[in-house]
>>> print(open('work_4.cif').read())   # mmCIF, C-alpha atoms, pLDDT in the B column; chains and numbers go by the auth columns
data_final
loop_
_atom_site.group_PDB
_atom_site.id
_atom_site.type_symbol
_atom_site.label_atom_id
_atom_site.label_comp_id
_atom_site.label_asym_id
_atom_site.label_seq_id
_atom_site.Cartn_x
_atom_site.Cartn_y
_atom_site.Cartn_z
_atom_site.B_iso_or_equiv
_atom_site.auth_seq_id
_atom_site.auth_asym_id
ATOM 1 C CA MET A 1 20.268 10.536 -2.104 48.00 1 A
ATOM 2 C CA GLU A 2 17.976 11.254 0.794 53.00 2 A
ATOM 3 C CA CYS A 3 20.001 14.339 1.696 45.00 3 A
ATOM 4 C CA GLY A 4 18.661 16.214 -1.355 55.00 4 A
ATOM 5 C CA ASN A 5 20.179 19.148 -3.219 58.00 5 A
ATOM 6 C CA THR A 6 21.385 20.804 -0.033 57.00 6 A
ATOM 7 C CA LEU A 7 23.413 17.759 1.057 65.00 7 A
ATOM 8 C CA ASN A 8 21.822 17.964 4.480 79.00 8 A
ATOM 9 C CA LEU A 9 23.349 14.989 6.258 89.00 9 A
ATOM 10 C CA LYS A 10 20.792 15.013 9.079 91.00 10 A
ATOM 11 C CA GLU A 11 17.058 14.531 8.642 91.00 11 A
ATOM 12 C CA HIS A 12 15.064 17.552 9.646 91.00 12 A
ATOM 13 C CA LEU A 13 11.912 16.893 11.606 95.00 13 A
ATOM 14 C CA ASN A 14 10.571 20.427 11.312 94.00 14 A
ATOM 15 C CA TYR A 15 7.050 19.624 10.084 95.00 15 A
ATOM 16 C CA SER A 16 4.028 21.855 9.992 95.00 16 A
ATOM 17 C CA VAL A 17 0.747 20.989 11.677 96.00 17 A
ATOM 18 C CA GLU A 18 -0.765 20.636 8.196 95.00 18 A
ATOM 19 C CA SER A 19 1.908 18.178 7.093 94.00 19 A
ATOM 20 C CA LEU A 20 1.493 16.058 10.232 96.00 20 A
ATOM 21 C CA LEU A 21 -2.284 15.999 9.783 95.00 21 A
ATOM 22 C CA GLY A 22 -1.638 14.211 6.479 91.00 22 A
ATOM 23 C CA ASP A 23 0.524 11.548 8.149 92.00 23 A
ATOM 24 C CA ASN A 24 -1.488 8.659 9.588 92.00 24 A
ATOM 25 C CA ARG A 25 1.067 8.070 12.355 93.00 25 A
ATOM 26 C CA PHE A 26 -0.132 11.247 14.087 96.00 26 A
ATOM 27 C CA THR A 27 -3.460 11.888 15.749 96.00 27 A
ATOM 28 C CA GLN A 28 -5.025 15.273 15.155 97.00 28 A
ATOM 29 C CA GLN A 29 -4.078 16.282 18.690 97.00 29 A
ATOM 30 C CA GLN A 30 -0.452 15.217 18.192 97.00 30 A
ATOM 31 C CA ALA A 31 -0.247 17.055 14.875 97.00 31 A
ATOM 32 C CA ARG A 32 -1.513 20.243 16.491 96.00 32 A
ATOM 33 C CA GLU A 33 0.808 19.893 19.498 97.00 33 A
ATOM 34 C CA TYR A 34 3.978 18.855 17.636 98.00 34 A
ATOM 35 C CA GLY A 35 3.853 20.656 14.308 97.00 35 A
ATOM 36 C CA TYR A 36 4.911 24.219 13.692 96.00 36 A
ATOM 37 C CA LEU A 37 2.509 27.069 12.993 95.00 37 A
ATOM 38 C CA ARG A 38 3.322 30.278 11.171 94.00 38 A
ATOM 39 C CA ASN A 39 1.385 33.456 10.731 92.00 39 A
ATOM 40 C CA ASN A 40 2.567 35.708 7.899 92.00 40 A
ATOM 41 C CA GLY A 41 5.898 33.866 7.864 88.00 41 A
ATOM 42 C CA VAL A 42 6.477 34.283 11.609 92.00 42 A
ATOM 43 C CA TYR A 43 6.589 31.179 13.779 92.00 43 A
ATOM 44 C CA ILE A 44 3.892 31.240 16.407 94.00 44 A
ATOM 45 C CA GLN A 45 4.667 27.647 17.395 94.00 45 A
ATOM 46 C CA ARG A 46 7.922 25.776 16.801 95.00 46 A
ATOM 47 C CA ALA A 47 7.893 22.121 15.817 96.00 47 A
ATOM 48 C CA ASN A 48 8.660 19.650 18.573 97.00 48 A
ATOM 49 C CA GLU A 49 11.207 17.642 16.602 97.00 49 A
ATOM 50 C CA ILE A 50 11.822 15.176 19.421 97.00 50 A
ATOM 51 C CA GLN A 51 8.164 14.185 19.637 97.00 51 A
ATOM 52 C CA ILE A 52 7.835 14.126 15.852 97.00 52 A
ATOM 53 C CA GLY A 53 10.811 11.783 15.533 96.00 53 A
ATOM 54 C CA ASN A 54 9.596 9.533 18.310 97.00 54 A
ATOM 55 C CA THR A 55 6.079 9.319 16.887 96.00 55 A
ATOM 56 C CA LYS A 56 7.336 8.614 13.366 94.00 56 A
ATOM 57 C CA TYR A 57 9.967 6.034 14.228 95.00 57 A
ATOM 58 C CA ASN A 58 9.532 4.496 17.700 95.00 58 A
ATOM 59 C CA GLY A 59 8.544 0.851 18.041 93.00 59 A
ATOM 60 C CA ARG A 60 10.052 -0.078 14.671 92.00 60 A
ATOM 61 C CA TYR A 61 13.330 -1.670 13.563 93.00 61 A
ATOM 62 C CA GLY A 62 14.897 -1.773 17.006 94.00 62 A
ATOM 63 C CA ASN A 63 13.676 1.634 18.149 95.00 63 A
ATOM 64 C CA ILE A 64 12.237 1.229 21.629 95.00 64 A
ATOM 65 C CA GLN A 65 8.689 2.409 22.280 93.00 65 A
ATOM 66 C CA ASN A 66 8.350 5.222 24.860 93.00 66 A
ATOM 67 C CA SER A 67 11.957 6.350 24.420 95.00 67 A
ATOM 68 C CA ASN A 68 13.760 9.004 22.396 96.00 68 A
ATOM 69 C CA ASP A 69 15.031 6.411 19.906 97.00 69 A
ATOM 70 C CA GLY A 70 12.898 7.802 17.082 96.00 70 A
ATOM 71 C CA TYR A 71 14.581 11.159 17.446 97.00 71 A
ATOM 72 C CA ASN A 72 18.029 9.784 18.300 97.00 72 A
ATOM 73 C CA PHE A 73 18.099 7.392 15.327 97.00 73 A
ATOM 74 C CA LYS A 74 16.591 9.709 12.735 96.00 74 A
ATOM 75 C CA GLY A 75 18.128 9.775 9.286 93.00 75 A
ATOM 76 C CA ARG A 76 21.806 10.695 8.956 95.00 76 A
ATOM 77 C CA GLY A 77 24.401 10.348 6.218 94.00 77 A
ATOM 78 C CA LEU A 78 23.946 10.575 2.448 89.00 78 A
ATOM 79 C CA LEU A 79 21.054 8.093 2.449 87.00 79 A
ATOM 80 C CA HIS A 80 19.750 9.169 5.852 89.00 80 A
ATOM 81 C CA LEU A 81 20.330 5.875 7.639 93.00 81 A
ATOM 82 C CA THR A 82 17.397 5.538 10.051 93.00 82 A
ATOM 83 C CA PHE A 83 16.462 3.264 13.002 95.00 83 A
ATOM 84 C CA ARG A 84 18.571 1.748 15.782 97.00 84 A
ATOM 85 C CA ASN A 85 18.873 -1.620 13.975 96.00 85 A
ATOM 86 C CA ASN A 86 20.435 0.046 10.939 95.00 86 A
ATOM 87 C CA TYR A 87 22.969 1.930 13.073 97.00 87 A
ATOM 88 C CA GLN A 88 23.857 -1.334 14.857 97.00 88 A
ATOM 89 C CA ASN A 89 24.143 -3.272 11.601 96.00 89 A
ATOM 90 C CA PHE A 90 26.184 -0.553 9.930 97.00 90 A
ATOM 91 C CA THR A 91 28.649 -0.606 12.839 98.00 91 A
ATOM 92 C CA THR A 92 28.937 -4.394 12.638 97.00 92 A
ATOM 93 C CA ARG A 93 29.411 -4.508 8.856 96.00 93 A
ATOM 94 C CA ALA A 94 31.814 -1.565 8.744 97.00 94 A
ATOM 95 C CA ARG A 95 33.992 -3.368 11.287 97.00 95 A
ATOM 96 C CA GLU A 96 33.763 -6.668 9.386 97.00 96 A
ATOM 97 C CA TRP A 97 34.715 -4.917 6.142 96.00 97 A
ATOM 98 C CA GLU A 98 37.547 -3.144 8.005 96.00 98 A
ATOM 99 C CA TRP A 99 36.234 0.296 7.164 96.00 99 A
ATOM 100 C CA ILE A 100 36.421 1.322 10.846 97.00 100 A
ATOM 101 C CA ASP A 101 38.107 0.060 13.989 95.00 101 A
ATOM 102 C CA ASN A 102 36.351 -1.217 17.100 96.00 102 A
ATOM 103 C CA ALA A 103 36.477 2.199 18.786 97.00 103 A
ATOM 104 C CA ILE A 104 33.852 3.540 16.377 97.00 104 A
ATOM 105 C CA ASP A 105 30.212 2.744 17.211 98.00 105 A
ATOM 106 C CA PHE A 106 27.470 4.480 15.252 98.00 106 A
ATOM 107 C CA GLU A 107 24.752 3.261 17.603 97.00 107 A
ATOM 108 C CA VAL A 108 26.526 4.912 20.533 97.00 108 A
ATOM 109 C CA ASN A 109 27.354 8.035 18.521 97.00 109 A
ATOM 110 C CA PRO A 110 24.910 8.357 15.591 97.00 110 A
ATOM 111 C CA ASP A 111 25.932 11.972 14.934 96.00 111 A
ATOM 112 C CA LEU A 112 29.202 10.683 13.463 97.00 112 A
ATOM 113 C CA LEU A 113 27.241 10.179 10.223 95.00 113 A
ATOM 114 C CA PHE A 114 26.399 13.871 10.259 92.00 114 A
ATOM 115 C CA GLU A 115 29.682 15.240 11.555 94.00 115 A
ATOM 116 C CA ASN A 116 32.077 13.216 9.395 94.00 116 A
ATOM 117 C CA GLY A 117 31.666 13.213 5.618 92.00 117 A
ATOM 118 C CA GLY A 118 33.638 9.981 5.280 95.00 118 A
ATOM 119 C CA TYR A 119 31.206 8.150 7.547 96.00 119 A
ATOM 120 C CA ALA A 120 28.262 9.735 5.707 95.00 120 A
ATOM 121 C CA ILE A 121 29.578 8.231 2.458 93.00 121 A
ATOM 122 C CA MET A 122 30.373 4.882 4.118 96.00 122 A
ATOM 123 C CA SER A 123 26.824 4.635 5.454 95.00 123 A
ATOM 124 C CA ALA A 124 25.459 5.124 1.929 92.00 124 A
ATOM 125 C CA ALA A 125 27.846 2.505 0.517 94.00 125 A
ATOM 126 C CA TYR A 126 26.815 0.122 3.319 95.00 126 A
ATOM 127 C CA PHE A 127 23.113 0.611 2.567 91.00 127 A
ATOM 128 C CA TRP A 128 23.687 0.227 -1.179 91.00 128 A
ATOM 129 C CA ARG A 129 25.610 -3.016 -0.637 92.00 129 A
ATOM 130 C CA GLN A 130 23.345 -4.484 2.075 91.00 130 A
ATOM 131 C CA ASN A 131 20.225 -3.874 0.009 87.00 131 A
ATOM 132 C CA ASN A 132 21.695 -4.943 -3.340 86.00 132 A
ATOM 133 C CA CYS A 133 20.793 -1.622 -4.949 85.00 133 A
ATOM 134 C CA PHE A 134 23.391 -2.258 -7.649 85.00 134 A
ATOM 135 C CA VAL A 135 21.196 -5.059 -9.066 87.00 135 A
ATOM 136 C CA ASN A 136 18.563 -2.473 -10.026 83.00 136 A
ATOM 137 C CA ALA A 137 20.970 0.277 -11.072 86.00 137 A
ATOM 138 C CA ASN A 138 22.219 -1.294 -14.268 84.00 138 A
ATOM 139 C CA THR A 139 20.297 0.578 -16.973 86.00 139 A
ATOM 140 C CA ASP A 140 19.858 4.204 -17.950 87.00 140 A
ATOM 141 C CA THR A 141 16.086 4.124 -17.523 90.00 141 A
ATOM 142 C CA ARG A 142 13.391 5.660 -15.397 91.00 142 A
ATOM 143 C CA ALA A 143 12.420 2.131 -14.294 89.00 143 A
ATOM 144 C CA SER A 144 15.927 1.561 -12.949 90.00 144 A
ATOM 145 C CA VAL A 145 15.950 4.832 -10.987 88.00 145 A
ATOM 146 C CA ASP A 146 12.464 4.132 -9.629 87.00 146 A
ATOM 147 C CA SER A 147 13.426 0.612 -8.538 87.00 147 A
ATOM 148 C CA VAL A 148 16.376 1.941 -6.533 87.00 148 A
ATOM 149 C CA THR A 149 14.122 4.650 -5.060 84.00 149 A
ATOM 150 C CA ARG A 150 11.679 1.956 -3.906 85.00 150 A
ATOM 151 C CA ILE A 151 14.518 0.263 -2.004 84.00 151 A
ATOM 152 C CA ILE A 152 15.735 3.476 -0.386 82.00 152 A
ATOM 153 C CA ASN A 153 12.383 5.094 0.402 79.00 153 A
ATOM 154 C CA ARG A 154 9.380 3.278 -1.036 75.00 154 A
ATOM 155 C CA TYR A 155 6.805 5.767 0.230 73.00 155 A
ATOM 156 C CA THR A 156 8.473 8.976 -0.905 75.00 156 A
ATOM 157 C CA ASP A 157 6.630 11.381 -3.141 77.00 157 A
ATOM 158 C CA SER A 158 9.877 12.373 -4.855 80.00 158 A
ATOM 159 C CA TYR A 159 10.138 9.809 -7.664 86.00 159 A
ATOM 160 C CA GLN A 160 9.989 12.529 -10.323 90.00 160 A
ATOM 161 C CA ALA A 161 12.489 14.735 -8.500 86.00 161 A
ATOM 162 C CA ARG A 162 14.897 11.804 -8.200 84.00 162 A
ATOM 163 C CA TRP A 163 14.575 11.072 -11.914 89.00 163 A
ATOM 164 C CA ASN A 164 15.229 14.760 -12.657 90.00 164 A
ATOM 165 C CA GLN A 165 18.361 14.657 -10.480 86.00 165 A
ATOM 166 C CA TYR A 166 19.543 11.503 -12.213 86.00 166 A
ATOM 167 C CA GLU A 167 19.066 13.120 -15.636 90.00 167 A
ATOM 168 C CA ARG A 168 20.920 16.258 -14.513 88.00 168 A
ATOM 169 C CA ILE A 169 23.858 14.262 -13.189 84.00 169 A
ATOM 170 C CA ARG A 170 23.952 12.099 -16.303 87.00 170 A
ATOM 171 C CA ASP A 171 23.542 14.983 -18.761 90.00 171 A
ATOM 172 C CA ASP A 172 26.123 17.142 -16.975 87.00 172 A
ATOM 173 C CA ARG A 173 28.455 14.143 -17.102 83.00 173 A
ATOM 174 C CA ILE A 174 29.299 14.580 -13.432 79.00 174 A
ATOM 175 C CA PHE A 175 30.658 11.049 -13.070 77.00 175 A
ATOM 176 C CA ASP A 176 32.372 10.736 -16.415 76.00 176 A
ATOM 177 C CA GLU A 177 35.999 9.691 -16.208 68.00 177 A
ATOM 178 C CA ASP A 178 37.062 12.760 -18.207 63.00 178 A
ATOM 179 C CA TRP A 179 36.397 15.142 -15.329 49.00 179 A
ATOM 180 C CA LEU A 180 39.344 13.762 -13.394 45.00 180 A
#
>>> encode(input="work_4.cif", output="structure tokens")
Amino acid sequence: MECGNTLNLKEHLNYSVESLLGDNRFTQQQAREYGYLRNNGVYIQRANEIQIGNTKYNGRYGNIQNSNDGYNFKGRGLLHLTFRNNYQNFTTRAREWEWIDNAIDFEVNPDLLFENGGYAIMSAAYFWRQNNCFVNANTDTRASVDSVTRIINRYTDSYQARWNQYERIRDDRIFDEDWL
């Protein structure tokens, strides 16, 4: 899950200057202007999460350049559904599959994936189904977990952490039928 151990259903965009300097989407000037700075644990500059989101995500997958789409369509839900196109497609599929009625529109109201746990779960199920994750999730191996991770977030640096979470869930028998 993209939401991590804390089950944060909304992507944070609170990045440090140092972190942004390591991201090739940001110029040095942007990193220094948008990232947060701390001195002895005290913020001396807050992160500009709107500009960070727009720089990271605008101009891709339906997000309009020179808009607030990057920030507005940041990750939400259990798998942190991201980008305008994904919110549009999720709305369309959820209606087709009769998960929601026509009054619900995640593109118009993306925070529904953050505010409503049912929609957060639905968005993860949608992503899993749309991207055929189940094809790669059929063995109890590191290779299987890594292949699903590549579908969800290819460029993450958390492959080991995801494997550790998988092992914990498996070893604690969290999804065994006996727990019901």
>>> atom_distance(input="work_4.cif", atom1="CA of Tyr126 in chain A", atom2="CA of Val148 in chain A")
14.5 Å
>>> closest_residue(input="work_4.cif", among="A:Asn131, A:Gln165, A:Gln30, A:Asn138", to="Ser16 in chain A", atoms="only C-alpha atoms")
A:Gln30
>>> closest_residue(input="work_4.cif", among="A:Gln65, A:Gln130, A:Asn58, A:Asn72", to="Thr92 in chain A", atoms="all atoms listed in the file")
A:Gln130
>>> resolve_selection(input="work_4.cif", expression="the PyMOL selection byres ((chain A and resi 54) around 12)", output="PyMOL selection string")
chain A and resi 13+25-26+30+34+48-53+55-60+63-74+83
>>> closest_residue(input="work_4.cif", among="A:Val145, A:Ile174, A:Ala47, A:Val135", to="Gln160 in chain A", atoms="all atoms listed in the file")
A:Val145
>>> closest_residue(input="work_4.cif", among="A:Asn89, A:Trp128, A:Tyr43, A:Thr141", to="Arg170 in chain A", atoms="only C-alpha atoms")
A:Thr141
>>> decode(input="work_4.cif", residues="range 53-72 of chain A", atoms="N, CA, C and O atoms", output="compact mmCIF listing (two decimals), in the first residue's frame")
# COMPACT_ATOMS: atom_id res chain seq x y z
N GLY A 53 3.58 19.75 -5.52
CA GLY A 53 2.68 18.86 -6.25
C GLY A 53 2.59 19.21 -7.73
O GLY A 53 2.61 18.34 -8.59
N ASN A 54 2.49 20.49 -8.01
CA ASN A 54 2.37 20.92 -9.40
C ASN A 54 3.65 20.62 -10.19
O ASN A 54 3.59 20.19 -11.35
N THR A 55 4.79 20.81 -9.59
CA THR A 55 6.06 20.53 -10.27
C THR A 55 6.24 19.03 -10.48
O THR A 55 6.68 18.60 -11.55
N LYS A 56 5.87 18.23 -9.50
CA LYS A 56 6.01 16.78 -9.62
C LYS A 56 5.08 16.18 -10.66
O LYS A 56 5.46 15.27 -11.39
N TYR A 57 3.84 16.67 -10.73
CA TYR A 57 2.80 15.95 -11.44
C TYR A 57 2.15 16.67 -12.62
O TYR A 57 1.42 16.04 -13.39
N ASN A 58 2.36 17.96 -12.80
CA ASN A 58 1.67 18.66 -13.89
C ASN A 58 2.23 18.24 -15.25
O ASN A 58 3.39 17.87 -15.37
N GLY A 59 1.34 18.31 -16.26
CA GLY A 59 1.75 17.98 -17.62
C GLY A 59 1.84 16.49 -17.90
O GLY A 59 2.36 16.08 -18.93
N ARG A 60 1.31 15.68 -16.99
CA ARG A 60 1.38 14.23 -17.15
C ARG A 60 0.03 13.61 -16.85
O ARG A 60 -0.66 14.05 -15.95
N TYR A 61 -0.34 12.59 -17.61
CA TYR A 61 -1.54 11.79 -17.36
C TYR A 61 -2.79 12.62 -17.10
O TYR A 61 -3.52 12.39 -16.16
N GLY A 62 -2.99 13.60 -17.97
CA GLY A 62 -4.21 14.41 -17.89
C GLY A 62 -4.08 15.64 -17.01
O GLY A 62 -4.97 16.49 -17.02
N ASN A 63 -3.04 15.74 -16.22
CA ASN A 63 -2.83 16.95 -15.42
C ASN A 63 -2.38 18.07 -16.35
O ASN A 63 -1.46 17.90 -17.14
N ILE A 64 -3.06 19.20 -16.23
CA ILE A 64 -2.82 20.33 -17.12
C ILE A 64 -1.62 21.13 -16.63
O ILE A 64 -1.50 21.44 -15.44
N GLN A 65 -0.73 21.46 -17.56
CA GLN A 65 0.43 22.29 -17.26
C GLN A 65 -0.05 23.66 -16.79
O GLN A 65 -1.11 24.14 -17.22
N ASN A 66 0.69 24.32 -15.94
CA ASN A 66 0.37 25.66 -15.44
C ASN A 66 -1.00 25.73 -14.78
O ASN A 66 -1.77 26.67 -14.99
N SER A 67 -1.32 24.70 -14.00
CA SER A 67 -2.56 24.67 -13.23
C SER A 67 -2.21 24.11 -11.85
O SER A 67 -1.05 23.85 -11.56
N ASN A 68 -3.20 23.92 -11.02
CA ASN A 68 -2.98 23.27 -9.73
C ASN A 68 -3.34 21.79 -9.77
O ASN A 68 -3.54 21.17 -8.73
N ASP A 69 -3.41 21.21 -10.97
CA ASP A 69 -3.77 19.79 -11.09
C ASP A 69 -2.80 18.88 -10.34
O ASP A 69 -3.21 17.89 -9.75
N GLY A 70 -1.52 19.17 -10.40
CA GLY A 70 -0.55 18.32 -9.70
C GLY A 70 -0.86 18.21 -8.22
O GLY A 70 -0.81 17.13 -7.64
N TYR A 71 -1.19 19.33 -7.62
CA TYR A 71 -1.57 19.34 -6.21
C TYR A 71 -2.96 18.74 -6.01
O TYR A 71 -3.18 17.92 -5.13
N ASN A 72 -3.90 19.14 -6.85
CA ASN A 72 -5.29 18.69 -6.68
C ASN A 72 -5.47 17.20 -6.91
O ASN A 72 -6.36 16.58 -6.32
